[in-house]
>>> print(open('target_33.tsv').read())   # TSV, C-alpha atoms
chain	number	residue	atom	x	y	z
H	1	MET	CA	20.37	34.10	15.48
H	2	ILE	CA	18.17	31.51	17.14
H	3	GLU	CA	18.65	27.82	17.68
H	4	ILE	CA	16.09	25.29	16.49
H	5	GLU	CA	15.90	21.55	16.01
H	6	PHE	CA	15.52	20.65	12.35
H	7	ASN	CA	14.92	17.01	11.45
H	8	GLY	CA	16.61	15.92	14.64
H	9	GLU	CA	19.64	18.19	14.26
H	10	THR	CA	20.46	21.51	15.88
H	11	LEU	CA	20.40	24.41	13.43
H	12	ARG	CA	20.99	28.16	13.85
H	13	VAL	CA	18.80	30.44	11.78
H	14	ASP	CA	18.07	34.17	11.54
H	15	ASP	CA	15.73	35.71	14.11
H	16	ALA	CA	13.00	36.46	11.57
H	17	CYS	CA	13.37	33.17	9.70
H	18	THR	CA	10.14	31.88	8.17
H	19	ILE	CA	9.36	28.35	7.08
H	20	GLN	CA	9.82	29.50	3.48
H	21	ASP	CA	13.30	30.86	4.31
H	22	LEU	CA	14.21	27.60	5.99
H	23	LEU	CA	13.08	25.49	3.03
H	24	SER	CA	14.94	27.72	0.57
H	25	SER	CA	18.18	27.69	2.54
H	26	THR	CA	18.08	23.90	2.86
H	27	HIS	CA	17.08	23.36	-0.81
H	28	VAL	CA	13.91	21.48	0.02
H	29	GLU	CA	11.40	21.21	-2.83
H	30	PRO	CA	8.34	22.79	-1.16
H	31	ARG	CA	5.84	21.00	-3.41
H	32	PHE	CA	7.01	17.56	-2.28
H	33	CYS	CA	7.23	18.09	1.48
H	34	ALA	CA	5.14	18.50	4.60
H	35	VAL	CA	6.26	20.67	7.49
H	36	GLU	CA	5.56	20.08	11.14
H	37	VAL	CA	6.45	22.52	13.92
H	38	ASN	CA	6.23	21.13	17.44
H	39	LEU	CA	4.09	18.26	16.17
H	40	GLU	CA	1.59	20.58	14.43
H	41	ILE	CA	1.42	20.59	10.62
H	42	VAL	CA	1.97	24.00	9.06
H	43	SER	CA	0.03	24.41	5.82
H	44	GLN	CA	1.71	25.71	2.69
H	45	ILE	CA	-0.12	29.05	2.70
H	46	GLU	CA	1.55	29.85	6.03
H	47	TYR	CA	5.14	29.12	4.92
H	48	GLU	CA	5.93	32.73	4.06
H	49	THR	CA	4.49	34.23	7.22
H	50	TYR	CA	5.20	31.60	9.86
H	51	CYS	CA	8.09	32.87	11.99
H	52	ILE	CA	10.20	30.21	13.59
H	53	GLN	CA	10.71	30.59	17.34
H	54	PRO	CA	13.78	29.61	19.40
H	55	GLY	CA	13.66	25.96	20.40
H	56	ASP	CA	11.08	25.00	17.78
H	57	LYS	CA	11.22	21.37	16.75
H	58	ILE	CA	10.73	21.24	13.01
H	59	GLU	CA	10.27	18.15	10.87
H	60	VAL	CA	10.28	18.31	7.11
H	61	VAL	CA	9.21	15.08	5.47
H	62	THR	CA	8.74	13.87	1.92
H	63	LEU	CA	7.69	10.70	0.14
H	64	VAL	CA	10.09	7.84	-0.50
H	65	GLY	CA	9.74	4.36	-1.95
H	66	GLY	CA	7.75	2.02	0.24
H	67	GLY	CA	5.40	-0.93	0.20
Z	68	MET	CA	-16.85	-16.31	-31.20
Z	69	SER	CA	-14.97	-13.50	-29.61
Z	70	HIS	CA	-14.72	-13.53	-25.85
Z	71	GLN	CA	-14.32	-10.76	-23.41
Z	72	THR	CA	-10.71	-10.92	-22.32
Z	73	HIS	CA	-10.47	-7.83	-20.18
Z	74	ILE	CA	-10.88	-7.91	-16.44
Z	75	ASP	CA	-14.28	-7.30	-14.86
Z	76	SER	CA	-15.37	-4.11	-13.17
Z	77	ARG	CA	-13.10	-1.64	-11.47
Z	78	VAL	CA	-12.48	-2.34	-7.81
Z	79	LYS	CA	-13.93	0.15	-5.36
Z	80	ILE	CA	-12.07	0.85	-2.14
Z	81	GLY	CA	-13.87	3.44	-0.06
Z	82	THR	CA	-14.58	6.23	-2.51
Z	83	HIS	CA	-11.65	5.30	-4.76
Z	84	GLU	CA	-12.13	3.23	-7.89
Z	85	LEU	CA	-9.13	1.45	-9.33
Z	86	GLN	CA	-8.78	-0.02	-12.79
Z	87	SER	CA	-6.23	-2.61	-11.70
Z	88	ARG	CA	-6.71	-4.91	-8.74
Z	89	LEU	CA	-2.97	-5.02	-8.25
Z	90	ILE	CA	-1.47	-2.35	-6.00
Z	91	VAL	CA	2.31	-2.19	-6.05
Z	92	GLY	CA	4.93	-0.71	-3.77
Z	93	THR	CA	7.73	1.60	-4.79
Z	94	GLY	CA	10.41	0.49	-2.31
Z	95	LYS	CA	13.58	-1.58	-2.59
Z	96	TYR	CA	14.26	-1.11	-6.31
Z	97	ASP	CA	17.86	-0.99	-7.47
Z	98	SER	CA	17.14	2.20	-9.37
Z	99	ASN	CA	14.32	4.65	-9.91
Z	100	SER	CA	14.26	3.88	-13.62
Z	101	ILE	CA	13.72	0.15	-13.00
Z	102	MET	CA	10.97	1.09	-10.57
Z	103	GLN	CA	9.39	3.33	-13.16
Z	104	GLU	CA	9.34	0.58	-15.81
Z	105	SER	CA	8.13	-2.00	-13.31
Z	106	LEU	CA	5.20	0.16	-12.25
Z	107	GLU	CA	4.31	0.54	-15.90
Z	108	ALA	CA	4.58	-3.21	-16.59
Z	109	SER	CA	2.44	-4.08	-13.55
Z	110	GLY	CA	-0.55	-2.27	-15.00
Z	111	ALA	CA	-1.27	-0.83	-11.55
Z	112	ASP	CA	-2.90	2.56	-11.23
Z	113	CYS	CA	-2.28	2.81	-7.49
Z	114	VAL	CA	1.15	2.70	-5.86
Z	115	THR	CA	2.21	2.87	-2.23
Z	116	VAL	CA	4.77	5.30	-0.85
Z	117	ALA	CA	6.33	5.92	2.55
Z	118	VAL	CA	6.83	9.15	4.51
Z	119	ARG	CA	10.35	9.96	5.65
Z	120	ARG	CA	12.53	12.89	6.67
Z	121	GLU	CA	13.94	15.03	3.90
Z	122	LYS	CA	17.61	14.26	3.37
Z	123	LEU	CA	18.91	17.75	3.94
Z	124	TYR	CA	22.49	17.22	2.97
Z	125	ASP	CA	22.00	15.05	-0.07
Z	126	ARG	CA	20.53	17.19	-2.78
Z	127	GLU	CA	22.18	15.16	-5.53
Z	128	GLY	CA	19.48	12.52	-5.28
Z	129	ARG	CA	16.17	13.38	-6.88
Z	130	ASN	CA	12.85	12.91	-5.18
Z	131	ILE	CA	10.91	9.72	-5.91
Z	132	LEU	CA	8.10	11.98	-7.12
Z	133	ASP	CA	10.34	12.88	-10.04
Z	134	PHE	CA	9.97	9.25	-11.16
Z	135	ILE	CA	6.31	8.54	-10.41
Z	136	ASP	CA	3.72	10.19	-12.61
Z	137	TRP	CA	1.64	11.43	-9.69
Z	138	LYS	CA	-0.86	12.97	-12.03
Z	139	ARG	CA	-1.69	9.49	-13.32
Z	140	PHE	CA	-1.10	7.15	-10.37
Z	141	THR	CA	-3.18	7.35	-7.22
Z	142	LEU	CA	-0.67	7.39	-4.40
Z	143	LEU	CA	-1.35	5.37	-1.26
Z	144	PRO	CA	0.85	6.64	1.58
Z	145	ASN	CA	1.70	4.12	4.27
Z	146	THR	CA	2.64	4.33	7.93
Z	147	ALA	CA	5.44	1.79	7.58
Z	148	GLY	CA	7.95	1.89	10.39
Z	149	CYS	CA	5.41	2.93	13.04
Z	150	PHE	CA	5.23	0.89	16.22
Z	151	ASN	CA	2.48	2.76	18.06
Z	152	ALA	CA	-0.81	4.46	17.28
Z	153	ILE	CA	0.44	7.99	18.01
Z	154	ASP	CA	3.25	7.72	15.45
Z	155	ALA	CA	0.98	6.09	12.89
Z	156	VAL	CA	-1.60	8.89	13.13
Z	157	ARG	CA	1.15	11.50	12.93
Z	158	VAL	CA	2.74	9.94	9.84
Z	159	ALA	CA	-0.65	9.50	8.19
Z	160	LYS	CA	-1.39	13.20	8.62
Z	161	LEU	CA	1.98	14.19	7.17
Z	162	GLY	CA	1.39	11.94	4.17
Z	163	ARG	CA	-2.03	13.48	3.70
Z	164	GLU	CA	-0.49	16.95	3.75
Z	165	ILE	CA	2.01	16.09	1.00
Z	166	LEU	CA	-0.61	14.46	-1.22
Z	167	ARG	CA	-3.02	17.32	-0.67
Z	168	LYS	CA	-0.35	19.76	-1.86
Z	169	LEU	CA	0.24	17.60	-4.94
Z	170	GLY	CA	-3.47	17.49	-5.65
Z	171	ASN	CA	-3.26	13.70	-5.75
Z	172	PRO	CA	-6.57	11.89	-5.15
Z	173	GLY	CA	-4.87	9.60	-2.60
Z	174	TYR	CA	-4.69	12.36	-0.01
Z	175	ASP	CA	-7.69	11.08	1.93
Z	176	TRP	CA	-6.62	7.49	2.40
Z	177	VAL	CA	-3.78	5.68	4.12
Z	178	LYS	CA	-2.32	2.22	4.33
Z	179	LEU	CA	-2.22	1.76	8.07
Z	180	GLU	CA	0.64	-0.36	9.31
Z	181	VAL	CA	1.44	-0.51	13.03
Z	182	LEU	CA	4.11	-3.07	13.67
Z	183	GLY	CA	4.73	-5.04	16.83
Z	184	ASP	CA	8.14	-6.48	16.24
Z	185	THR	CA	11.11	-5.74	13.99
Z	186	LYS	CA	12.00	-9.37	13.32
Z	187	THR	CA	8.64	-10.58	12.07
Z	188	LEU	CA	7.16	-7.19	11.10
Z	189	LEU	CA	3.87	-8.64	12.28
Z	190	PRO	CA	1.22	-6.06	13.10
Z	191	ASP	CA	0.49	-5.02	16.68
Z	192	PRO	CA	-3.25	-5.78	16.74
Z	193	VAL	CA	-4.07	-3.59	19.76
Z	194	ALA	CA	-2.22	-0.54	18.43
Z	195	THR	CA	-3.53	-1.15	14.90
Z	196	LEU	CA	-7.14	-1.12	16.10
Z	197	GLU	CA	-6.54	2.01	18.17
Z	198	ALA	CA	-4.86	3.82	15.27
Z	199	CYS	CA	-7.60	2.71	12.86
Z	200	LYS	CA	-10.28	4.22	15.10
Z	201	GLN	CA	-8.37	7.49	15.43
Z	202	LEU	CA	-7.72	7.81	11.71
Z	203	VAL	CA	-11.33	7.05	10.82
Z	204	ALA	CA	-12.36	9.79	13.29
Z	205	GLU	CA	-9.91	12.12	11.52
Z	206	GLY	CA	-11.69	11.47	8.23
Z	207	PHE	CA	-9.19	9.06	6.68
Z	208	GLN	CA	-10.17	6.11	4.54
Z	209	VAL	CA	-8.09	3.45	6.23
Z	210	LEU	CA	-6.71	0.44	4.39
Z	211	CYS	CA	-5.60	-1.66	7.26
Z	212	TYR	CA	-2.68	-4.08	7.20
Z	213	THR	CA	-3.36	-6.91	9.65
Z	214	SER	CA	-2.54	-10.54	10.29
Z	215	ASP	CA	-4.74	-13.29	8.85
Z	216	ASP	CA	-6.79	-13.49	12.07
Z	217	PRO	CA	-10.51	-13.46	11.12
Z	218	ILE	CA	-11.65	-11.98	14.44
Z	219	MET	CA	-9.20	-9.09	14.15
Z	220	ALA	CA	-10.38	-8.53	10.58
Z	221	VAL	CA	-13.98	-8.26	11.80
Z	222	ARG	CA	-12.92	-5.80	14.52
Z	223	LEU	CA	-11.10	-3.59	12.01
Z	224	LYS	CA	-14.05	-3.53	9.64
Z	225	ALA	CA	-16.32	-2.62	12.55
Z	226	ALA	CA	-13.89	0.19	13.45
Z	227	GLY	CA	-14.53	1.70	10.03
Z	228	ALA	CA	-11.61	0.45	7.92
Z	229	ALA	CA	-12.31	1.07	4.21
Z	230	SER	CA	-10.49	-2.18	3.49
Z	231	VAL	CA	-8.99	-4.92	5.63
Z	232	MET	CA	-5.68	-6.17	4.24
Z	233	PRO	CA	-4.56	-9.45	5.79
Z	234	ALA	CA	-0.98	-10.53	5.23
Z	235	GLY	CA	-0.49	-13.75	3.30
Z	236	SER	CA	2.76	-14.23	5.23
Z	237	PRO	CA	5.30	-11.86	6.83
Z	238	ILE	CA	6.28	-8.74	4.87
Z	239	GLY	CA	8.97	-9.40	2.29
Z	240	SER	CA	9.14	-13.12	3.20
Z	241	GLY	CA	7.92	-14.36	-0.19
Z	242	GLN	CA	6.14	-17.30	1.46
Z	243	GLY	CA	2.83	-16.67	-0.26
Z	244	ILE	CA	-0.50	-17.34	1.44
Z	245	LEU	CA	0.34	-19.56	4.37
Z	246	ASN	CA	-3.15	-20.01	5.71
Z	247	PRO	CA	-5.74	-20.03	2.93
Z	248	ASN	CA	-8.33	-21.34	5.40
Z	249	ASN	CA	-8.08	-18.24	7.58
Z	250	PHE	CA	-8.29	-16.14	4.50
Z	251	LYS	CA	-11.47	-17.93	3.37
Z	252	ILE	CA	-13.01	-17.27	6.80
Z	253	ILE	CA	-12.03	-13.58	6.59
Z	254	LEU	CA	-13.71	-13.32	3.19
Z	255	GLU	CA	-16.83	-15.03	4.49
Z	256	TYR	CA	-17.06	-12.88	7.62
Z	257	LEU	CA	-16.32	-9.55	5.93
Z	258	LYS	CA	-18.11	-10.03	2.63
Z	259	GLY	CA	-20.92	-12.45	3.58
Z	260	ASP	CA	-23.57	-9.77	3.96
Z	261	ASP	CA	-21.53	-7.03	2.28
Z	262	PRO	CA	-20.15	-8.56	-0.94
Z	263	ASP	CA	-18.61	-5.33	-2.22
Z	264	TYR	CA	-16.47	-4.81	0.89
Z	265	PRO	CA	-12.87	-4.94	-0.38
Z	266	VAL	CA	-10.44	-7.43	1.13
Z	267	ILE	CA	-6.89	-7.12	-0.11
Z	268	ILE	CA	-4.02	-9.53	0.42
Z	269	ASP	CA	-1.11	-7.40	1.55
Z	270	ALA	CA	2.36	-8.81	2.06
Z	271	GLY	CA	4.05	-12.14	1.66
Z	272	VAL	CA	3.65	-12.61	-2.08
Z	273	GLY	CA	6.65	-14.40	-3.59
Z	274	THR	CA	5.65	-15.08	-7.16
Z	275	ALA	CA	2.83	-14.89	-9.68
Z	276	SER	CA	1.02	-18.03	-8.52
Z	277	ASP	CA	0.58	-16.46	-5.06
Z	278	VAL	CA	-1.25	-13.57	-6.68
Z	279	ALA	CA	-3.40	-15.91	-8.77
Z	280	LEU	CA	-4.28	-17.94	-5.66
Z	281	ALA	CA	-5.28	-14.82	-3.74
Z	282	PHE	CA	-7.70	-13.85	-6.46
Z	283	GLU	CA	-8.97	-17.41	-6.96
Z	284	LEU	CA	-9.85	-17.48	-3.26
Z	285	GLY	CA	-11.88	-14.29	-3.71
Z	286	ALA	CA	-9.56	-11.42	-2.82
Z	287	ASP	CA	-10.57	-8.07	-4.25
Z	288	GLY	CA	-6.99	-6.92	-4.59
Z	289	VAL	CA	-3.37	-7.78	-3.92
Z	290	LEU	CA	-0.73	-5.38	-2.65
Z	291	LEU	CA	2.89	-6.36	-3.12
Z	292	ASN	CA	6.35	-4.83	-3.36
Z	293	THR	CA	9.36	-7.05	-2.72
Z	294	ALA	CA	8.30	-9.87	-5.06
Z	295	ILE	CA	8.71	-7.47	-7.96
Z	296	ALA	CA	11.47	-5.19	-6.68
Z	297	HIS	CA	13.80	-8.03	-5.70
Z	298	ALA	CA	13.06	-10.40	-8.59
Z	299	ARG	CA	16.03	-11.01	-10.86
Z	300	ASP	CA	14.11	-9.24	-13.61
Z	301	PRO	CA	11.69	-6.87	-11.86
Z	302	ILE	CA	10.09	-5.53	-15.03
Z	303	GLN	CA	9.23	-8.99	-16.35
Z	304	MET	CA	8.02	-10.07	-12.91
Z	305	ALA	CA	5.78	-7.00	-12.79
Z	306	ALA	CA	4.21	-8.12	-16.05
Z	307	ALA	CA	3.83	-11.65	-14.63
Z	308	MET	CA	2.02	-10.23	-11.59
Z	309	LYS	CA	-0.30	-8.30	-13.86
Z	310	HIS	CA	-1.23	-11.41	-15.83
Z	311	ALA	CA	-1.55	-13.48	-12.65
Z	312	SER	CA	-3.99	-11.00	-11.17
Z	313	ILE	CA	-6.10	-11.02	-14.31
Z	314	ALA	CA	-5.95	-14.83	-14.57
Z	315	GLY	CA	-6.78	-15.35	-10.91
Z	316	ARG	CA	-9.65	-12.91	-10.92
Z	317	MET	CA	-11.13	-14.35	-14.14
Z	318	ALA	CA	-10.84	-17.87	-12.74
Z	319	TYR	CA	-12.65	-16.76	-9.58
Z	320	LEU	CA	-15.44	-15.14	-11.57
Z	321	SER	CA	-15.68	-18.20	-13.83
Z	322	GLY	CA	-16.28	-20.60	-10.93
Z	323	ARG	CA	-13.79	-23.41	-10.54
Z	324	ILE	CA	-14.87	-27.06	-10.61
Z	325	PRO	CA	-15.05	-28.83	-7.25
Z	326	LYS	CA	-12.13	-31.04	-6.28
Z	327	ARG	CA	-13.00	-34.75	-6.48
Z	328	LEU	CA	-11.21	-37.82	-5.27
Z	329	TYR	CA	-11.76	-39.86	-8.44
Z	330	ALA	CA	-11.32	-39.12	-12.12
Z	331	THR	CA	-14.07	-38.14	-14.52
Z	332	ALA	CA	-13.31	-38.87	-18.18
Z	333	SER	CA	-13.19	-35.94	-20.56
Z	334	SER	CA	-13.84	-38.10	-23.64
Z	335	PRO	CA	-17.20	-39.84	-24.17
Z	336	GLU	CA	-17.85	-43.47	-23.18
Z	337	GLU	CA	-20.20	-43.90	-26.11
Z	338	GLY	CA	-18.70	-45.29	-29.30
Z	339	LEU	CA	-15.59	-46.75	-27.71
Z	340	ILE	CA	-13.97	-49.39	-29.94
Z	341	THR	CA	-11.65	-50.67	-27.23
Z	342	SER	CA	-12.30	-53.30	-24.58
Z	343	ARG	CA	-11.95	-52.94	-20.81
Z	344	PRO	CA	-9.43	-55.04	-18.84
Z	345	TRP	CA	-12.17	-56.28	-16.47
>>> encode(input="target_33.tsv", output="structure tokens")
Amino acid sequence: MIEIEFNGETLRVDDACTIQDLLSSTHVEPRFCAVEVNLEIVSQIEYETYCIQPGDKIEVVTLVGGG
Amino acid sequence: MSHQTHIDSRVKIGTHELQSRLIVGTGKYDSNSIMQESLEASGADCVTVAVRREKLYDREGRNILDFIDWKRFTLLPNTAGCFNAIDAVRVAKLGREILRKLGNPGYDWVKLEVLGDTKTLLPDPVATLEACKQLVAEGFQVLCYTSDDPIMAVRLKAAGAASVMPAGSPIGSGQGILNPNNFKIILEYLKGDDPDYPVIIDAGVGTASDVALAFELGADGVLLNTAIAHARDPIQMAAAMKHASIAGRMAYLSGRIPKRLYATASSPEEGLITSRPW
């Protein structure tokens, strides 16, 4: 297990966890989100292959109502 | 004789063409279904959205994209809540990523909002200009929220903003257009030698007459949120905003009469059967 920061909170995930695994386990709708790892956006085609590293800071954002 | 009652041409903002000159926000509604009906009643074909963290532990709530027909509406993501240029550029890129995945045409533009103060929500002009330059360099079409300062508006246009969007009054304040004179100067400076450059009143609208006034003054568009979302009857107010935008725009195109100090009679002098008191 490795420790990462996910949307500001500490989270423990499997060693070989990919972005896709992370989104599935947290029930995030992948079509409606954007993913940033250490301030760099990860594109959707990389979700299945991008392996999360210990200490990564991950932000998953979506759209909400706004003016 | 029949008369053309539909609004004039579509409004062009950067490379985007919109049918409606009214752009509406999607925030602050009591429910997603009221929002949905209000968007419909407003006649808008472009709606603004904000970028926020996924709520990881609240999967009961559905995503707002379940309630907005994003195949029909052009989404305009904003950078609301940003207080510096770095954050604004970061949020703009995240919004672009989401819209790109959706295949929504709004992926290449952004409503830039860099605030200077939480109480007034007035823009930070220095950070706004800096962020505007960076986003333009990144290939964004920037619709830039700003104060009603004409010099700042000129600077933002020069920095490459696709549209300058002066606030009528502070965000959500409902005070309408507090300084029509500044707004007239902005229109003159930005559109004088570039009449198609779009200037949009963003923020401060309280009711339909504010929208009509904005268009009568020569605005190309109006962006509003709270005036509909917090009206007692949001759906009816959305319809009122739609009609006000059409009325205001048609009045502008029709050319209003000049204001005069004294009266001019509407009925002819000739053939009067009455006598004058003097």
>>> atom_distance(input="target_33.tsv", atom1="CA of Ser236 (chain Z)", atom2="CA of Val272 (chain Z)")
7.5 Å
>>> closest_residue(input="target_33.tsv", among="H:Val61, H:Cys33, H:Ile45, H:Ile52", to="Met1 (chain H)", atoms="all atoms listed in the file")
H:Ile52
>>> interface_residues(input="target_33.tsv", of="chain H", to="chain Z", cutoff="12 Å", atoms="only C-alpha atoms", output="PyMOL selection string")
chain H and resi 6-9+11+22-45+58-67
>>> closest_residue(input="target_33.tsv", among="Z:Leu320, Z:Leu89, Z:Ala152, Z:Val231", to="Met219 (chain Z)", atoms="all atoms listed in the file")
Z:Val231
>>> residues_around(input="target_33.tsv", residues="Thr185 (chain Z)", least_positions_apart="4", cutoff="12 Å", atoms="all atoms listed in the file", output="PyMOL selection string")
chain Z and resi 147-150+181+189-191+237-238
>>> closest_residue(input="target_33.tsv", among="Z:Glu255, Z:Asp112, Z:Asp260, Z:Glu283", to="Gly315 (chain Z)", atoms="all atoms listed in the file")
Z:Glu283
>>> residues_around(input="target_33.tsv", residues="Gly55 (chain H)", least_positions_apart="3", cutoff="8 Å", atoms="all atoms listed in the file", output="ChimeraX atom specification")
/H:2-5
>>> residues_near_point(input="target_33.tsv", point="(-11.1, 4.4, -0.7)", cutoff="10 Å", atoms="all atoms listed in the file", output="PyMOL selection string")
chain Z and resi 78-85+143+172-173+175-177+207-210+228-230+265
>>> atom_distance(input="target_33.tsv", atom1="CA of Gly273 (chain Z)", atom2="CA of Phe134 (chain Z)")
25.1 Å
>>> closest_residue(input="target_33.tsv", among="Z:Lys326, Z:Arg88, Z:Asp300, Z:Asp261", to="Asp75 (chain Z)", atoms="only C-alpha atoms")
Z:Arg88
>>> residues_around(input="target_33.tsv", residues="region 308-313 of chain Z", least_positions_apart="5", cutoff="6 Å", atoms="all atoms listed in the file", output="ChimeraX atom specification")
/Z:109,275,278-279
>>> atom_distance(input="target_33.tsv", atom1="CA of Met232 (chain Z)", atom2="CA of Pro262 (chain Z)")
15.6 Å
>>> closest_residue(input="target_33.tsv", among="Z:Gly183, Z:Pro217, Z:Pro344, Z:Pro247", to="Ala286 (chain Z)", atoms="only C-alpha atoms")
Z:Pro247
>>> build_atoms(input="target_33.tsv", residues="region 324-340 of chain Z", atoms="N, CA and C atoms", output="PDB file, in the frame of the given file")
ATOM      1  N   ILE Z 324     -14.189 -25.784 -10.862  1.00  0.00           N
ATOM      2  CA  ILE Z 324     -14.870 -27.060 -10.610  1.00  0.00           C
ATOM      3  C   ILE Z 324     -14.502 -27.524  -9.207  1.00  0.00           C
ATOM      4  N   PRO Z 325     -15.400 -28.304  -8.582  1.00  0.00           N
ATOM      5  CA  PRO Z 325     -15.050 -28.830  -7.250  1.00  0.00           C
ATOM      6  C   PRO Z 325     -13.940 -29.879  -7.354  1.00  0.00           C
ATOM      7  N   LYS Z 326     -13.165 -29.999  -6.296  1.00  0.00           N
ATOM      8  CA  LYS Z 326     -12.130 -31.040  -6.280  1.00  0.00           C
ATOM      9  C   LYS Z 326     -12.798 -32.380  -5.962  1.00  0.00           C
ATOM     10  N   ARG Z 327     -12.433 -33.420  -6.712  1.00  0.00           N
ATOM     11  CA  ARG Z 327     -13.000 -34.750  -6.480  1.00  0.00           C
ATOM     12  C   ARG Z 327     -11.884 -35.758  -6.274  1.00  0.00           C
ATOM     13  N   LEU Z 328     -12.221 -36.787  -5.538  1.00  0.00           N
ATOM     14  CA  LEU Z 328     -11.210 -37.820  -5.270  1.00  0.00           C
ATOM     15  C   LEU Z 328     -10.894 -38.646  -6.518  1.00  0.00           C
ATOM     16  N   TYR Z 329     -11.954 -38.970  -7.293  1.00  0.00           N
ATOM     17  CA  TYR Z 329     -11.760 -39.860  -8.440  1.00  0.00           C
ATOM     18  C   TYR Z 329     -11.846 -39.100  -9.761  1.00  0.00           C
ATOM     19  N   ALA Z 330     -11.357 -39.741 -10.785  1.00  0.00           N
ATOM     20  CA  ALA Z 330     -11.320 -39.120 -12.120  1.00  0.00           C
ATOM     21  C   ALA Z 330     -12.705 -39.077 -12.760  1.00  0.00           C
ATOM     22  N   THR Z 331     -12.904 -38.130 -13.626  1.00  0.00           N
ATOM     23  CA  THR Z 331     -14.070 -38.140 -14.520  1.00  0.00           C
ATOM     24  C   THR Z 331     -13.536 -37.952 -15.932  1.00  0.00           C
ATOM     25  N   ALA Z 332     -13.877 -38.892 -16.819  1.00  0.00           N
ATOM     26  CA  ALA Z 332     -13.310 -38.870 -18.180  1.00  0.00           C
ATOM     27  C   ALA Z 332     -13.764 -37.642 -18.960  1.00  0.00           C
ATOM     28  N   SER Z 333     -12.856 -37.093 -19.724  1.00  0.00           N
ATOM     29  CA  SER Z 333     -13.190 -35.940 -20.560  1.00  0.00           C
ATOM     30  C   SER Z 333     -13.737 -36.381 -21.916  1.00  0.00           C
ATOM     31  N   SER Z 334     -13.376 -37.598 -22.335  1.00  0.00           N
ATOM     32  CA  SER Z 334     -13.840 -38.100 -23.640  1.00  0.00           C
ATOM     33  C   SER Z 334     -15.046 -39.022 -23.413  1.00  0.00           C
ATOM     34  N   PRO Z 335     -15.962 -39.073 -24.392  1.00  0.00           N
ATOM     35  CA  PRO Z 335     -17.200 -39.840 -24.170  1.00  0.00           C
ATOM     36  C   PRO Z 335     -16.977 -41.356 -24.068  1.00  0.00           C
ATOM     37  N   GLU Z 336     -17.866 -42.002 -23.302  1.00  0.00           N
ATOM     38  CA  GLU Z 336     -17.850 -43.470 -23.180  1.00  0.00           C
ATOM     39  C   GLU Z 336     -18.475 -44.092 -24.438  1.00  0.00           C
ATOM     40  N   GLU Z 337     -19.437 -43.379 -24.979  1.00  0.00           N
ATOM     41  CA  GLU Z 337     -20.200 -43.900 -26.110  1.00  0.00           C
ATOM     42  C   GLU Z 337     -19.308 -44.015 -27.354  1.00  0.00           C
ATOM     43  N   GLY Z 338     -19.428 -45.108 -28.043  1.00  0.00           N
ATOM     44  CA  GLY Z 338     -18.700 -45.290 -29.300  1.00  0.00           C
ATOM     45  C   GLY Z 338     -17.276 -45.779 -29.124  1.00  0.00           C
ATOM     46  N   LEU Z 339     -16.950 -46.227 -27.924  1.00  0.00           N
ATOM     47  CA  LEU Z 339     -15.590 -46.750 -27.710  1.00  0.00           C
ATOM     48  C   LEU Z 339     -15.388 -48.021 -28.529  1.00  0.00           C
ATOM     49  N   ILE Z 340     -14.245 -48.167 -29.168  1.00  0.00           N
ATOM     50  CA  ILE Z 340     -13.970 -49.390 -29.940  1.00  0.00           C
ATOM     51  C   ILE Z 340     -13.028 -50.319 -29.180  1.00  0.00           C
TER      52      ILE Z 340
END
